[in-house]
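*Asks:* Please see the structure below; I have some questions.
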Amino acid sequence: MSAKKKLKTSAMIASIADEGTPTTSAPFGHALVEAAEKNPKIVGMTADLGKYTDLHIFERAFPDRYYQMGMAEQLLMMAGAGMAREGFIPFVTTYSVFASRRAYDFICLAIAEEKLNVKIISALPGLTTGYGPSHQATEDVAIFRGMPNLTIIDPCDAVDIEQSVQAMVDFDGPVYLRLLRGKVPRVLDRFEGYRFEIGKAKRLIDGKDALIISSGLMTTRAIEASDQMKEKGVEVGVMHCATIKPLDNEAILEEVRRHPDRPVFVAENHSVVGGLGESIASLLMKEGVAVTFRQIGLPDEFLGAGALPTLHDLYGISTNEVVKTLEQYVSSDEEIMPTI
């Protein structure tokens with residue numbers, strides 16, 4: 001990492017969009033309004049974070065269906081459970097750290113155990129803020145993967161978010177979604193015919209030399225890295241796994257087996273402990289699929305504070321760092337480099 005690297009973003013609620021990238025402002029808020037216009041059962045609830053989870057868009061459109069619960073995440077989840085019991089479809093919003101660390105027991109016993117129709121929308125997942133461990137939800141997927149009945153979604157961009165809202169409305173059961181908020185990049189418009197589906201992984205780019213399976217904002221980085229590697233004569237496939245639980249085992253196994261000699265990388269905006277990478281590693285081992293396997297994710301440590309571009313470089317999840325990781329194992333003549 002260069003000491004002269006320009007710090008382009010503020011530490012807290014920073015955009016993850018690169019300069020010149022097409023974006024949509026508050027895609028979740030606008031998509032929820034569109035869904036609520038057709039479905040009067042949808043309500044919006046938050047714990048003093050409406051503005052910072054894009055729920056203020058819903059509040060303006062439906063003030064009588066918006067509930068501000070104050071800074072009490074446990075109460076928020078219990079109130080959401082009560083709303084669901086009465087037949088409503090509550091979308092409850094907070095930060096990922098508060099949902100996973102502070103309100104876990106309430107989600108587990110009041111929502112998941114009862115299979116209630118509550119949609120938990122959590123902003124600042126992984127390393128999408130520079131405010132340090134108090135706000136960086138680097139282990140939220142690991143915390144929730146072991147919870148029965150809970151579906152976990154990690155959308156890539158504004159397209160994923162817009163489509164996932166209606167998918168969640170149509171889906172009966174509790175969902176945890178890792179929200180990208182503010183000005184969110186539009187990446188998946190490039191792939192004609194792409195459609196978000198709960199529980200489905202999608203191949204975006206075919207490539208015989210390496211495969212990246214990714215979720216969340218790391219799918220954007222995987223696509224960018226694939227484009228750069230193609231210029232070097234290396235074909236890197238990208239599979240987007242927007243639903244982390246339930247995992248699309250069939251599609252993942254089929255994709256890995258299509259080119260059994262290529263290395264498999266799993267890229268996630270999450271700790272390398274307990275997230276998508278370990279989930280896929282477990283699947284491959286159980287099925288007896290032997291491949292060169294590497295994780296691209298956040299280290300098992302409390303992360304530092306600072307500007308996001310600097311932190312993404314430092315912790316290996318920027319596009320440039322993903323390319324460097326690929327180059328360690330794949331060369332332009334298709335020979336797999338020795339592992340270290």
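Identifiers in this document derive from the order of the structure tokens: chains are assigned A, B, ..., residues are numbered from 1 separately in each chain, and ligands are numbered from 1 in order of occurrence.
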Give one line per residue of segment 149-195 of chain A that approaches segment 127-136 of chain A to at most 12 Å, naming the two atoms of the closest pair and their distance in Å to one decimal, counting only C-alpha atoms; sort by chain then ascending residue number and deliver it as JSON lines.
*Replies:*
```
{"residue": "A:Arg178", "atom": "CA", "partner": "A:Thr128", "partner_atom": "CA", "distance": 10.7}
{"residue": "A:Leu179", "atom": "CA", "partner": "A:Thr128", "partner_atom": "CA", "distance": 10.0}
{"residue": "A:Leu180", "atom": "CA", "partner": "A:Thr128", "partner_atom": "CA", "distance": 8.2}
{"residue": "A:Arg181", "atom": "CA", "partner": "A:Thr128", "partner_atom": "CA", "distance": 9.7}
{"residue": "A:Gly182", "atom": "CA", "partner": "A:Thr128", "partner_atom": "CA", "distance": 11.5}
{"residue": "A:Val184", "atom": "CA", "partner": "A:Thr128", "partner_atom": "CA", "distance": 11.8}
```
*Asks:* So which residues touch Ser215 of chain A within 10 Å, counting only C-alpha atoms, skipping near sequence neighbours fewer than 3 positions away, as a PDB file with C-alpha atoms, in the first residue's frame?
*Replies:*
```
ATOM      1  CA  ILE A 153     -28.747 -12.427   1.825  1.00  0.00           C
ATOM      2  CA  ASP A 154     -25.636 -10.462   0.807  1.00  0.00           C
ATOM      3  CA  PRO A 155     -26.565  -8.368  -2.267  1.00  0.00           C
ATOM      4  CA  CYS A 156     -23.961  -7.122  -4.710  1.00  0.00           C
ATOM      5  CA  ALA A 201     -26.150 -18.588  -7.082  1.00  0.00           C
ATOM      6  CA  ILE A 212     -14.117 -16.628  -7.935  1.00  0.00           C
ATOM      7  CA  MET A 218     -16.894  -8.471  -3.335  1.00  0.00           C
ATOM      8  CA  THR A 219     -18.786  -9.589  -6.433  1.00  0.00           C
ATOM      9  CA  THR A 220     -18.117  -6.125  -7.834  1.00  0.00           C
ATOM     10  CA  ARG A 221     -14.430  -6.540  -7.006  1.00  0.00           C
ATOM     11  CA  ALA A 222     -14.426 -10.022  -8.535  1.00  0.00           C
ATOM     12  CA  MET A 239     -20.122 -16.828  -9.636  1.00  0.00           C
ATOM     13  CA  HIS A 240     -22.279 -14.521  -7.527  1.00  0.00           C
ATOM     14  CA  CYS A 241     -23.678 -16.141  -4.394  1.00  0.00           C
ATOM     15  CA  ALA A 242     -26.159 -13.533  -3.153  1.00  0.00           C
ATOM     16  CA  THR A 243     -27.801 -15.976  -0.738  1.00  0.00           C
ATOM     17  CA  ILE A 244     -25.347 -17.288   1.839  1.00  0.00           C
ATOM     18  CA  VAL A 266     -14.053 -17.329  -2.365  1.00  0.00           C
ATOM     19  CA  ALA A 267     -14.265 -13.543  -1.920  1.00  0.00           C
ATOM     20  CA  GLU A 268     -16.370 -11.998   0.826  1.00  0.00           C
ATOM     21  CA  ASN A 269     -16.654  -8.756   2.766  1.00  0.00           C
ATOM     22  CA  HIS A 270     -16.508 -10.697   6.022  1.00  0.00           C
ATOM     23  CA  LEU A 276     -19.117 -17.859   2.837  1.00  0.00           C
ATOM     24  CA  GLY A 277     -15.567 -19.168   2.380  1.00  0.00           C
TER      25      GLY A 277
END
```
*Asks:* What's the 10 Å shell around segment 98-109 of chain A, counting only C-alpha atoms, without same-chain residues fewer than 5 positions away, as a ChimeraX atom specification?
*Replies:* /A:47,72-78,80-81,92-93,114-116,118,120-123,134-135,137,139-144,147-150,174,176
*Asks:* Please report as CSV every residue of segment 136-239 of chain A lying within 12 Å of segment 31-45 of chain A, along with the nearest atom pair and their distance in Å (one decimal), using only C-alpha atoms.
*Replies:*
```
residue,atom,partner,partner_atom,distance
A:Ala158,CA,A:Ala31,CA,9.9
A:Val159,CA,A:Ala31,CA,10.2
A:Asp160,CA,A:Ala31,CA,10.8
A:Ile161,CA,A:Ala31,CA,8.0
A:Glu162,CA,A:Ala31,CA,5.3
A:Gln163,CA,A:Ala31,CA,7.9
A:Ser164,CA,A:Ala31,CA,8.9
A:Val165,CA,A:Leu32,CA,6.3
A:Gln166,CA,A:Ala35,CA,6.3
A:Ala167,CA,A:Ala35,CA,10.0
A:Met168,CA,A:Ala35,CA,10.2
A:Val169,CA,A:Ala35,CA,7.8
A:Asp170,CA,A:Ala35,CA,10.2
```
*Asks:* Can you work out which one of A:Gln68, A:Thr151, A:Thr138, A:Thr292 has the shortest atom-to-atom distance to Gly304 of chain A, counting only C-alpha atoms?
*Replies:*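 Counting only C-alpha atoms, the residue closest to Gly304 of chain A is A:Thr138.
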*Asks:* What is the atom CA of Arg257 of chain A-atom CA of Glu287 of chain A distance in Å, reported with one decimal?
*Replies:*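 Answer for the atom CA of Arg257 of chain A to atom CA of Glu287 of chain A separation: 11.1 Å.
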*Asks:* Could you jot down the atom CA of Leu204 of chain A to atom CA of Pro185 of chain A separation for me, Å, one decimal place?
*Replies:*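 So the two atoms, atom CA of Leu204 of chain A and atom CA of Pro185 of chain A, lie 16.6 Å apart.
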*Asks:* From a DSSP calculation on the backbone, collect every residue of segment 266-305 of chain A in helix (DSSP H, G or I) and output the set as an MDAnalysis selection string.
*Replies:* chainID A and resid 276:286
*Asks:* Interatomic distance between atom CA of Gly306 of chain A and atom CA of Ser318 of chain A?
*Replies:*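 Between these atoms lies a distance of 14.7 Å.
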*Asks:* With only C-alpha atoms as the basis for distance, which of A:Val272, A:Ile57, A:Ala210, A:Leu49 is at the shortest distance from Gly233 of chain A?
*Replies:*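 Checking each of A:Val272, A:Ile57, A:Ala210, A:Leu49 against Gly233 of chain A, counting only C-alpha atoms, the winner is A:Ala210.
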*Asks:* Which is closer to Leu298 of chain A than all the others in A:Met285, A:Ala61, A:Ala17, A:Val273, using only C-alpha atoms?
*Replies:*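 Looking at the shortest contact to Leu298 of chain A, the residue is A:Val273.
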*Asks:* Skip segment 321-328 of chain A itself and residues of its chain fewer than 4 positions away, then list as a ChimeraX atom specification all residues within 8 Å of it, counting only C-alpha atoms.
*Replies:* /A:221-222,225,228-229,296,313,316-317,337,339
*Asks:* Those same residues - N, CA, C and O atoms - I'd like them written as an mmCIF file, in the first residue's frame.
*Replies:*
```cif
data_model
loop_
_atom_site.group_PDB
_atom_site.id
_atom_site.type_symbol
_atom_site.label_atom_id
_atom_site.label_comp_id
_atom_site.auth_asym_id
_atom_site.auth_seq_id
_atom_site.Cartn_x
_atom_site.Cartn_y
_atom_site.Cartn_z
ATOM 1 N N ARG A 221 -15.884 -6.444 -6.937
ATOM 2 C CA ARG A 221 -14.430 -6.540 -7.006
ATOM 3 C C ARG A 221 -14.008 -7.748 -7.851
ATOM 4 O O ARG A 221 -13.021 -7.692 -8.592
ATOM 5 N N ALA A 222 -14.743 -8.831 -7.749
ATOM 6 C CA ALA A 222 -14.426 -10.022 -8.535
ATOM 7 C C ALA A 222 -14.597 -9.757 -10.023
ATOM 8 O O ALA A 222 -13.775 -10.184 -10.851
ATOM 9 N N ALA A 225 -11.750 -7.553 -11.128
ATOM 10 C CA ALA A 225 -10.510 -8.330 -11.183
ATOM 11 C C ALA A 225 -10.501 -9.254 -12.394
ATOM 12 O O ALA A 225 -9.468 -9.431 -13.053
ATOM 13 N N GLN A 228 -9.581 -7.262 -15.420
ATOM 14 C CA GLN A 228 -8.142 -6.952 -15.466
ATOM 15 C C GLN A 228 -7.318 -8.181 -15.822
ATOM 16 O O GLN A 228 -6.350 -8.088 -16.588
ATOM 17 N N MET A 229 -7.697 -9.327 -15.282
ATOM 18 C CA MET A 229 -6.949 -10.554 -15.574
ATOM 19 C C MET A 229 -7.124 -10.961 -17.032
ATOM 20 O O MET A 229 -6.208 -11.528 -17.650
ATOM 21 N N ILE A 296 -10.467 -15.056 0.055
ATOM 22 C CA ILE A 296 -10.198 -13.618 0.003
ATOM 23 C C ILE A 296 -11.232 -12.977 0.915
ATOM 24 O O ILE A 296 -12.421 -12.927 0.596
ATOM 25 N N ASP A 313 -7.459 -1.720 0.805
ATOM 26 C CA ASP A 313 -6.124 -2.137 0.369
ATOM 27 C C ASP A 313 -5.402 -2.885 1.481
ATOM 28 O O ASP A 313 -4.807 -3.950 1.270
ATOM 29 N N GLY A 316 -6.868 -6.366 2.031
ATOM 30 C CA GLY A 316 -6.862 -7.288 0.901
ATOM 31 C C GLY A 316 -8.149 -7.477 0.151
ATOM 32 O O GLY A 316 -8.296 -8.463 -0.582
ATOM 33 N N ILE A 317 -9.109 -6.528 0.264
ATOM 34 C CA ILE A 317 -10.380 -6.729 -0.440
ATOM 35 C C ILE A 317 -10.623 -5.677 -1.526
ATOM 36 O O ILE A 317 -11.716 -5.643 -2.099
ATOM 37 N N MET A 337 0.475 -21.584 -10.435
ATOM 38 C CA MET A 337 1.691 -21.305 -9.715
ATOM 39 C C MET A 337 1.716 -22.081 -8.408
ATOM 40 O O MET A 337 0.660 -22.383 -7.836
ATOM 41 N N THR A 339 1.672 -23.012 -4.599
ATOM 42 C CA THR A 339 1.093 -22.335 -3.435
ATOM 43 C C THR A 339 2.167 -22.105 -2.389
ATOM 44 O O THR A 339 3.219 -22.727 -2.402
#
```
*Asks:* Choose the residue, out of A:Gly82, A:Gly193, A:Gly237, A:Pro90, that has the smallest atom-to-atom separation from Ile205 of chain A; count only C-alpha atoms.
*Replies:* A:Gly237
*Asks:* Would you mind writing down, as a PDB file with C-alpha atoms, in the first residue's frame, each residue of segment 63-146 of chain A that DSSP on the backbone assigns to strand (DSSP E)?
*Replies:*
```
ATOM      1  CA  TYR A  66     -43.416   3.852   9.866  1.00  0.00           C
ATOM      2  CA  TYR A  67     -42.378   3.106  13.464  1.00  0.00           C
ATOM      3  CA  GLN A  68     -39.442   4.737  15.223  1.00  0.00           C
ATOM      4  CA  ILE A  89     -44.667  -7.818   6.960  1.00  0.00           C
ATOM      5  CA  PRO A  90     -42.237  -5.739   9.021  1.00  0.00           C
ATOM      6  CA  PHE A  91     -38.989  -4.509   7.504  1.00  0.00           C
ATOM      7  CA  VAL A  92     -36.844  -3.661  10.530  1.00  0.00           C
ATOM      8  CA  THR A  93     -33.626  -1.713   9.988  1.00  0.00           C
ATOM      9  CA  THR A  94     -30.503  -1.134  12.048  1.00  0.00           C
ATOM     10  CA  TYR A  95     -26.757  -1.564  11.706  1.00  0.00           C
ATOM     11  CA  LYS A 119     -37.175  -8.908   7.325  1.00  0.00           C
ATOM     12  CA  ILE A 120     -34.070  -7.657   9.127  1.00  0.00           C
ATOM     13  CA  ILE A 121     -32.279  -5.074   6.978  1.00  0.00           C
ATOM     14  CA  SER A 122     -28.847  -4.258   8.362  1.00  0.00           C
ATOM     15  CA  ALA A 123     -26.526  -1.550   7.079  1.00  0.00           C
TER      16      ALA A 123
END
```
*Asks:* Give me the residues near Leu55 of chain A as a ChimeraX atom specification, where near means some atom within 6 Å (using only C-alpha atoms) and where sequence neighbours in that chain fewer than 3 positions away do not count.
*Replies:* /A:29,50,58
*Asks:* With N, CA, C and O atoms retained, export the selected residues as a tab-separated table (two decimals), in the first residue's frame.
*Replies:*
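Listing of again_7.tsv after writing:
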```tsv
chain	number	residue	atom	x	y	z
A	29	GLY	N	-34.72	1.85	0.00
A	29	GLY	CA	-35.86	2.68	0.38
A	29	GLY	C	-36.87	2.83	-0.73
A	29	GLY	O	-38.08	2.71	-0.52
A	50	GLY	N	-33.31	5.50	10.72
A	50	GLY	CA	-34.04	5.57	9.46
A	50	GLY	C	-33.24	6.24	8.37
A	50	GLY	O	-33.17	5.75	7.23
A	58	PHE	N	-39.12	5.52	2.91
A	58	PHE	CA	-40.40	4.88	3.24
A	58	PHE	C	-41.21	5.77	4.18
A	58	PHE	O	-42.44	5.90	4.03
```
